[in-house]
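Colleague: What follows is upload_19.pdb; its format and atoms are PDB, C-alpha atoms.
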```
ATOM      1  CA  MET A1464      65.643  86.655  99.099  1.00  0.00           C
ATOM      2  CA  LYS A1465      68.711  84.409  98.864  1.00  0.00           C
ATOM      3  CA  TYR A1466      70.560  86.960  96.677  1.00  0.00           C
ATOM      4  CA  SER A1467      69.733  89.911  98.920  1.00  0.00           C
ATOM      5  CA  LEU A1468      71.090  88.039 101.942  1.00  0.00           C
ATOM      6  CA  MET A1469      74.303  87.243 100.058  1.00  0.00           C
ATOM      7  CA  ALA A1470      74.629  90.881  98.976  1.00  0.00           C
ATOM      8  CA  ALA A1471      74.156  92.017 102.585  1.00  0.00           C
ATOM      9  CA  VAL A1472      76.857  89.620 103.815  1.00  0.00           C
ATOM     10  CA  LEU A1473      79.285  90.809 101.132  1.00  0.00           C
ATOM     11  CA  PHE A1474      78.511  94.433 101.990  1.00  0.00           C
ATOM     12  CA  LEU A1475      79.170  93.845 105.709  1.00  0.00           C
ATOM     13  CA  ALA A1476      82.432  92.057 104.919  1.00  0.00           C
ATOM     14  CA  ALA A1477      83.560  94.982 102.790  1.00  0.00           C
ATOM     15  CA  CYS A1478      82.607  97.408 105.563  1.00  0.00           C
ATOM     16  CA  ASN A1479      84.684  95.499 108.147  1.00  0.00           C
ATOM     17  CA  SER A1480      87.740  95.480 105.866  1.00  0.00           C
ATOM     18  CA  GLY A1481      87.198  99.178 105.218  1.00  0.00           C
ATOM     19  CA  THR A1482      86.991  99.895 108.944  1.00  0.00           C
ATOM     20  CA  THR A1483      90.217  97.981 109.563  1.00  0.00           C
ATOM     21  CA  ASP A1484      91.955  99.866 106.764  1.00  0.00           C
ATOM     22  CA  ASP A1485      90.665 103.220 108.057  1.00  0.00           C
ATOM     23  CA  LEU A1486      91.951 102.463 111.569  1.00  0.00           C
ATOM     24  CA  LEU A1487      95.360 101.259 110.350  1.00  0.00           C
ATOM     25  CA  ARG A1488      96.107 103.783 107.644  1.00  0.00           C
ATOM     26  CA  ASN A1489      98.287 106.875 107.882  1.00  0.00           C
ATOM     27  CA  LYS A1490      99.457 106.253 111.442  1.00  0.00           C
ATOM     28  CA  ARG A1491     102.788 105.213 112.873  1.00  0.00           C
ATOM     29  CA  TRP A1492     102.335 102.115 115.082  1.00  0.00           C
ATOM     30  CA  LYS A1493     105.204 101.792 117.597  1.00  0.00           C
ATOM     31  CA  VAL A1494     105.880  98.448 119.302  1.00  0.00           C
ATOM     32  CA  TYR A1495     105.877  98.817 123.083  1.00  0.00           C
ATOM     33  CA  ASP A1496     105.544  95.184 124.201  1.00  0.00           C
ATOM     34  CA  VAL A1497     105.790  91.604 122.958  1.00  0.00           C
ATOM     35  CA  SER A1498     103.880  88.724 124.553  1.00  0.00           C
ATOM     36  CA  VAL A1499     102.906  85.095 124.055  1.00  0.00           C
ATOM     37  CA  PRO A1500      99.309  84.562 122.815  1.00  0.00           C
ATOM     38  CA  ARG A1501      96.841  83.514 125.512  1.00  0.00           C
ATOM     39  CA  GLY A1502      96.287  79.797 125.783  1.00  0.00           C
ATOM     40  CA  THR A1503      99.636  78.971 124.158  1.00  0.00           C
ATOM     41  CA  ASP A1504     101.634  76.129 125.624  1.00  0.00           C
ATOM     42  CA  TYR A1505     105.053  77.703 125.578  1.00  0.00           C
ATOM     43  CA  ASN A1506     108.470  76.504 126.614  1.00  0.00           C
ATOM     44  CA  HIS A1507     111.802  77.892 127.774  1.00  0.00           C
ATOM     45  CA  SER A1508     113.016  78.473 124.178  1.00  0.00           C
ATOM     46  CA  GLN A1509     109.963  80.561 123.369  1.00  0.00           C
ATOM     47  CA  ILE A1510     110.346  82.659 126.534  1.00  0.00           C
ATOM     48  CA  THR A1511     114.027  83.237 125.728  1.00  0.00           C
ATOM     49  CA  GLN A1512     113.143  84.272 122.172  1.00  0.00           C
ATOM     50  CA  LEU A1513     110.363  86.527 123.501  1.00  0.00           C
ATOM     51  CA  LYS A1514     112.824  88.382 125.735  1.00  0.00           C
ATOM     52  CA  ASP A1515     115.373  88.654 122.923  1.00  0.00           C
ATOM     53  CA  LEU A1516     112.766  90.043 120.508  1.00  0.00           C
ATOM     54  CA  LYS A1517     111.341  92.440 123.094  1.00  0.00           C
ATOM     55  CA  ASN A1518     114.724  93.825 124.153  1.00  0.00           C
ATOM     56  CA  GLY A1519     116.367  93.596 120.730  1.00  0.00           C
ATOM     57  CA  TYR A1520     114.651  93.470 117.350  1.00  0.00           C
ATOM     58  CA  TYR A1521     111.321  95.009 118.412  1.00  0.00           C
ATOM     59  CA  SER A1522     112.757  97.496 120.937  1.00  0.00           C
ATOM     60  CA  ASP A1523     112.791 100.199 118.242  1.00  0.00           C
ATOM     61  CA  ALA A1524     110.248  99.071 115.665  1.00  0.00           C
ATOM     62  CA  ASN A1525     107.268 100.761 114.095  1.00  0.00           C
ATOM     63  CA  TYR A1526     104.898 100.114 111.217  1.00  0.00           C
ATOM     64  CA  GLN A1527     102.951 102.303 108.814  1.00  0.00           C
ATOM     65  CA  PHE A1528     100.090 101.381 106.512  1.00  0.00           C
ATOM     66  CA  LEU A1529      99.770 104.094 103.894  1.00  0.00           C
ATOM     67  CA  ASP A1530      97.602 104.906 100.885  1.00  0.00           C
ATOM     68  CA  ASN A1531      97.761 102.646  97.826  1.00  0.00           C
ATOM     69  CA  GLN A1532      98.417  99.632 100.099  1.00  0.00           C
ATOM     70  CA  LEU A1533     101.977 100.781 100.849  1.00  0.00           C
ATOM     71  CA  PHE A1534     103.530  99.235 103.972  1.00  0.00           C
ATOM     72  CA  ILE A1535     106.644 100.550 105.733  1.00  0.00           C
ATOM     73  CA  ALA A1536     108.385  98.765 108.604  1.00  0.00           C
ATOM     74  CA  THR A1537     111.156 100.638 110.390  1.00  0.00           C
ATOM     75  CA  VAL A1538     113.423  98.647 112.700  1.00  0.00           C
ATOM     76  CA  ALA A1539     116.403 100.268 114.448  1.00  0.00           C
ATOM     77  CA  GLY A1540     116.106 103.279 112.138  1.00  0.00           C
ATOM     78  CA  HIS A1541     116.200 101.182 108.949  1.00  0.00           C
ATOM     79  CA  PRO A1542     113.015 101.356 106.836  1.00  0.00           C
ATOM     80  CA  ASP A1543     111.811  98.549 104.590  1.00  0.00           C
ATOM     81  CA  SER A1544     108.714  98.776 102.442  1.00  0.00           C
ATOM     82  CA  GLY A1545     106.269  96.624 100.548  1.00  0.00           C
ATOM     83  CA  ARG A1546     102.548  96.188 100.002  1.00  0.00           C
ATOM     84  CA  TYR A1547      99.729  95.103 102.276  1.00  0.00           C
ATOM     85  CA  GLN A1548      96.317  93.639 101.605  1.00  0.00           C
ATOM     86  CA  LEU A1549      93.480  92.905 104.016  1.00  0.00           C
ATOM     87  CA  LEU A1550      92.119  89.367 103.982  1.00  0.00           C
ATOM     88  CA  SER A1551      89.448  87.448 105.899  1.00  0.00           C
ATOM     89  CA  ASN A1552      87.146  90.385 106.437  1.00  0.00           C
ATOM     90  CA  GLY A1553      89.981  92.562 107.729  1.00  0.00           C
ATOM     91  CA  ARG A1554      91.183  90.064 110.354  1.00  0.00           C
ATOM     92  CA  ILE A1555      94.355  89.089 108.463  1.00  0.00           C
ATOM     93  CA  ILE A1556      96.924  91.385 106.872  1.00  0.00           C
ATOM     94  CA  SER A1557      99.029  90.031 104.022  1.00  0.00           C
ATOM     95  CA  VAL A1558     102.380  91.817 103.739  1.00  0.00           C
ATOM     96  CA  THR A1559     104.482  91.257 100.607  1.00  0.00           C
ATOM     97  CA  GLY A1560     107.254  92.943  98.658  1.00  0.00           C
ATOM     98  CA  PHE A1561     106.367  95.627  96.134  1.00  0.00           C
ATOM     99  CA  SER A1562     105.663  93.054  93.451  1.00  0.00           C
ATOM    100  CA  GLY A1563     102.866  91.557  95.543  1.00  0.00           C
ATOM    101  CA  ASN A1564     104.388  88.100  95.082  1.00  0.00           C
ATOM    102  CA  ARG A1565     102.841  85.909  97.766  1.00  0.00           C
ATOM    103  CA  LYS A1566     105.852  83.559  97.835  1.00  0.00           C
ATOM    104  CA  ALA A1567     107.428  86.047 100.252  1.00  0.00           C
ATOM    105  CA  GLU A1568     104.187  86.767 102.098  1.00  0.00           C
ATOM    106  CA  HIS A1569     103.932  87.403 105.841  1.00  0.00           C
ATOM    107  CA  LEU A1570     100.514  86.986 107.415  1.00  0.00           C
ATOM    108  CA  VAL A1571      99.593  89.052 110.460  1.00  0.00           C
ATOM    109  CA  GLU A1572      96.453  88.428 112.504  1.00  0.00           C
ATOM    110  CA  VAL A1573      94.677  91.484 113.896  1.00  0.00           C
ATOM    111  CA  VAL A1574      94.091  90.733 117.589  1.00  0.00           C
ATOM    112  CA  LYS A1575      92.997  94.213 118.712  1.00  0.00           C
ATOM    113  CA  LEU A1576      92.566  97.415 116.745  1.00  0.00           C
ATOM    114  CA  THR A1577      91.306 100.770 118.002  1.00  0.00           C
ATOM    115  CA  GLU A1578      92.133 104.375 117.116  1.00  0.00           C
ATOM    116  CA  THR A1579      95.195 104.231 119.396  1.00  0.00           C
ATOM    117  CA  GLU A1580      96.133 100.555 119.882  1.00  0.00           C
ATOM    118  CA  PHE A1581      96.962  97.767 117.467  1.00  0.00           C
ATOM    119  CA  ASP A1582      97.876  94.281 118.683  1.00  0.00           C
ATOM    120  CA  MET A1583      98.911  91.774 116.044  1.00  0.00           C
ATOM    121  CA  LYS A1584      99.844  88.108 116.125  1.00  0.00           C
ATOM    122  CA  VAL A1585     103.006  87.366 114.163  1.00  0.00           C
ATOM    123  CA  GLN A1586     105.107  84.303 113.454  1.00  0.00           C
ATOM    124  CA  ALA A1587     108.751  84.577 114.521  1.00  0.00           C
ATOM    125  CA  GLY A1588     110.680  81.426 113.780  1.00  0.00           C
ATOM    126  CA  GLU A1589     108.669  78.501 115.026  1.00  0.00           C
ATOM    127  CA  PHE A1590     106.702  80.523 117.584  1.00  0.00           C
ATOM    128  CA  GLN A1591     103.849  83.018 117.516  1.00  0.00           C
ATOM    129  CA  PHE A1592     103.934  86.297 119.433  1.00  0.00           C
ATOM    130  CA  ILE A1593     101.649  89.266 119.969  1.00  0.00           C
ATOM    131  CA  LEU A1594     103.173  92.634 119.101  1.00  0.00           C
ATOM    132  CA  HIS A1595     101.496  95.367 121.119  1.00  0.00           C
ATOM    133  CA  THR A1596     101.684  98.744 119.368  1.00  0.00           C
ATOM    134  CA  ARG A1597     100.438 102.244 120.030  1.00  0.00           C
ATOM    135  CA  LYS A1598      99.740 105.104 117.694  1.00  0.00           C
ATOM    136  CA  GLN A1599     102.552 107.650 117.685  1.00  0.00           C
TER     137      GLN A1599
END
```
Please express what this file holds, its structure, as structure tokens.

Modeller:
Amino acid sequence: MKYSLMAAVLFLAACNSGTTDDLLRNKRWKVYDVSVPRGTDYNHSQITQLKDLKNGYYSDANYQFLDNQLFIATVAGHPDSGRYQLLSNGRIISVTGFSGNRKAEHLVEVVKLTETEFDMKVQAGEFQFILHTRKQ
């Protein structure tokens, strides 16, 4: 009984990661808004950085998660690529360079993911922000 329960839990975890991957993959996710996570005690510096990111860096940004764990980020018309891997039952996305070296890893938390919307929590400097994206 104990082993069948463990097998069921592992199966469900794999299904959730698979669902996340299916929803993310082979779509272009365009950033349309940047916000502060709910419940965050933020300050003037964070609000200033939020506005700068929203009107600058993320004003023309999109992301693609492709087959073979290929990740492409395009910012201001300049693409950069690497690899992605789903962690924590599909709730965290690890993004690395092509080598997969985790020394240069960026972790992204999946906040919301549907067929058409993907909100992710990212770390920018010392603050966290939510990037709100839509399928293009």

Colleague: Using only C-alpha atoms, which residue out of A:Val1574, A:Val1558, A:Leu1487, A:Leu1550 lies closest to A:Phe1534?

Modeller: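 Going through A:Val1574, A:Val1558, A:Leu1487, A:Leu1550 one by one, the smallest distance to A:Phe1534 is for A:Val1558.
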
Colleague: Evaluating the PyMOL selection byres ((chain A and resi 1522) around 9) on the displayed file yields which residues, as JSON, numbers by chain?

Modeller: {"A": [1494, 1495, 1496, 1516, 1517, 1518, 1519, 1520, 1521, 1523, 1524, 1538, 1539]}

Colleague: Any idea what's packed within 12 Å of stretch 1504-1515 of chain A, counting all atoms listed in the file, ignoring anything in its chain fewer than 3 positions away? Could you give it as a tab-separated table (two decimals) with C-alpha atoms, in the coordinates of the input?

Modeller:
```tsv
chain	number	residue	atom	x	y	z
A	1496	ASP	CA	105.54	95.18	124.20
A	1497	VAL	CA	105.79	91.60	122.96
A	1498	SER	CA	103.88	88.72	124.55
A	1499	VAL	CA	102.91	85.10	124.06
A	1500	PRO	CA	99.31	84.56	122.82
A	1501	ARG	CA	96.84	83.51	125.51
A	1518	ASN	CA	114.72	93.82	124.15
A	1519	GLY	CA	116.37	93.60	120.73
A	1520	TYR	CA	114.65	93.47	117.35
A	1521	TYR	CA	111.32	95.01	118.41
A	1522	SER	CA	112.76	97.50	120.94
A	1585	VAL	CA	103.01	87.37	114.16
A	1586	GLN	CA	105.11	84.30	113.45
A	1587	ALA	CA	108.75	84.58	114.52
A	1588	GLY	CA	110.68	81.43	113.78
A	1589	GLU	CA	108.67	78.50	115.03
A	1590	PHE	CA	106.70	80.52	117.58
A	1591	GLN	CA	103.85	83.02	117.52
A	1592	PHE	CA	103.93	86.30	119.43
A	1593	ILE	CA	101.65	89.27	119.97
A	1594	LEU	CA	103.17	92.63	119.10
```

Colleague: If we count only C-alpha atoms and set the cut-off at 12 Å, which residues sit around A:Ser1557, ignoring sequence neighbours fewer than 3 positions away in its own chain? Please answer as a PyMOL selection string.

Modeller: chain A and resi 1528+1532-1534+1545-1551+1553-1554+1560+1563-1573+1585

Colleague: In Å, rounded to a single decimal, give me how far atom CA of A:Ile1556 is from atom CA of A:Thr1579.

Modeller: 18.0 Å

Colleague: Work out how far apart atom CA of A:Gln1599 and atom CA of A:Ser1562 are and give it in Å to one decimal.

Modeller: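 Separation between atom CA of A:Gln1599 and atom CA of A:Ser1562: 28.5 Å.
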
Colleague: Report, in Å to a single decimal, how far apart atom CA of A:Ala1536 and atom CA of A:Thr1577 are.

Modeller: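 Interatomic distance, atom CA of A:Thr1577 to atom CA of A:Ala1536: 19.6 Å.
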
Colleague: Go through A:Asp1484, A:Thr1559, A:Gly1502, A:Trp1492 one by one, measure the shortest atom-to-atom distance of each to A:Gln1527 using only C-alpha atoms, and give the residue with the smallest value.

Modeller: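 Nearest to A:Gln1527: A:Trp1492.
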
Colleague: Around all listed atoms of stretch 1531-1546 of chain A, padded 3 Å per side, what centre and edge lengths does the axis-aligned box have in Å to one decimal, as AutoDock Vina command-line options?

Modeller:
```
--center_x 107.1 --center_y 99.7 --center_z 106.1 --size_x 24.6 --size_y 13.1 --size_z 22.6
```

Colleague: Applied to this file, what does the PyMOL selection byres ((chain A and resi 1598) around 9) return in terms of residues, put as a short mmCIF file (atom, residue, chain, number, x, y, z; two decimals) with C-alpha atoms, keeping the file's coordinate frame?

Modeller:
```cif
data_model
loop_
_atom_site.label_atom_id
_atom_site.label_comp_id
_atom_site.auth_asym_id
_atom_site.auth_seq_id
_atom_site.Cartn_x
_atom_site.Cartn_y
_atom_site.Cartn_z
CA LYS A 1490 99.46 106.25 111.44
CA ARG A 1491 102.79 105.21 112.87
CA TRP A 1492 102.34 102.12 115.08
CA LYS A 1493 105.20 101.79 117.60
CA GLU A 1578 92.13 104.38 117.12
CA THR A 1579 95.20 104.23 119.40
CA GLU A 1580 96.13 100.56 119.88
CA PHE A 1581 96.96 97.77 117.47
CA THR A 1596 101.68 98.74 119.37
CA ARG A 1597 100.44 102.24 120.03
CA GLN A 1599 102.55 107.65 117.68
#
```
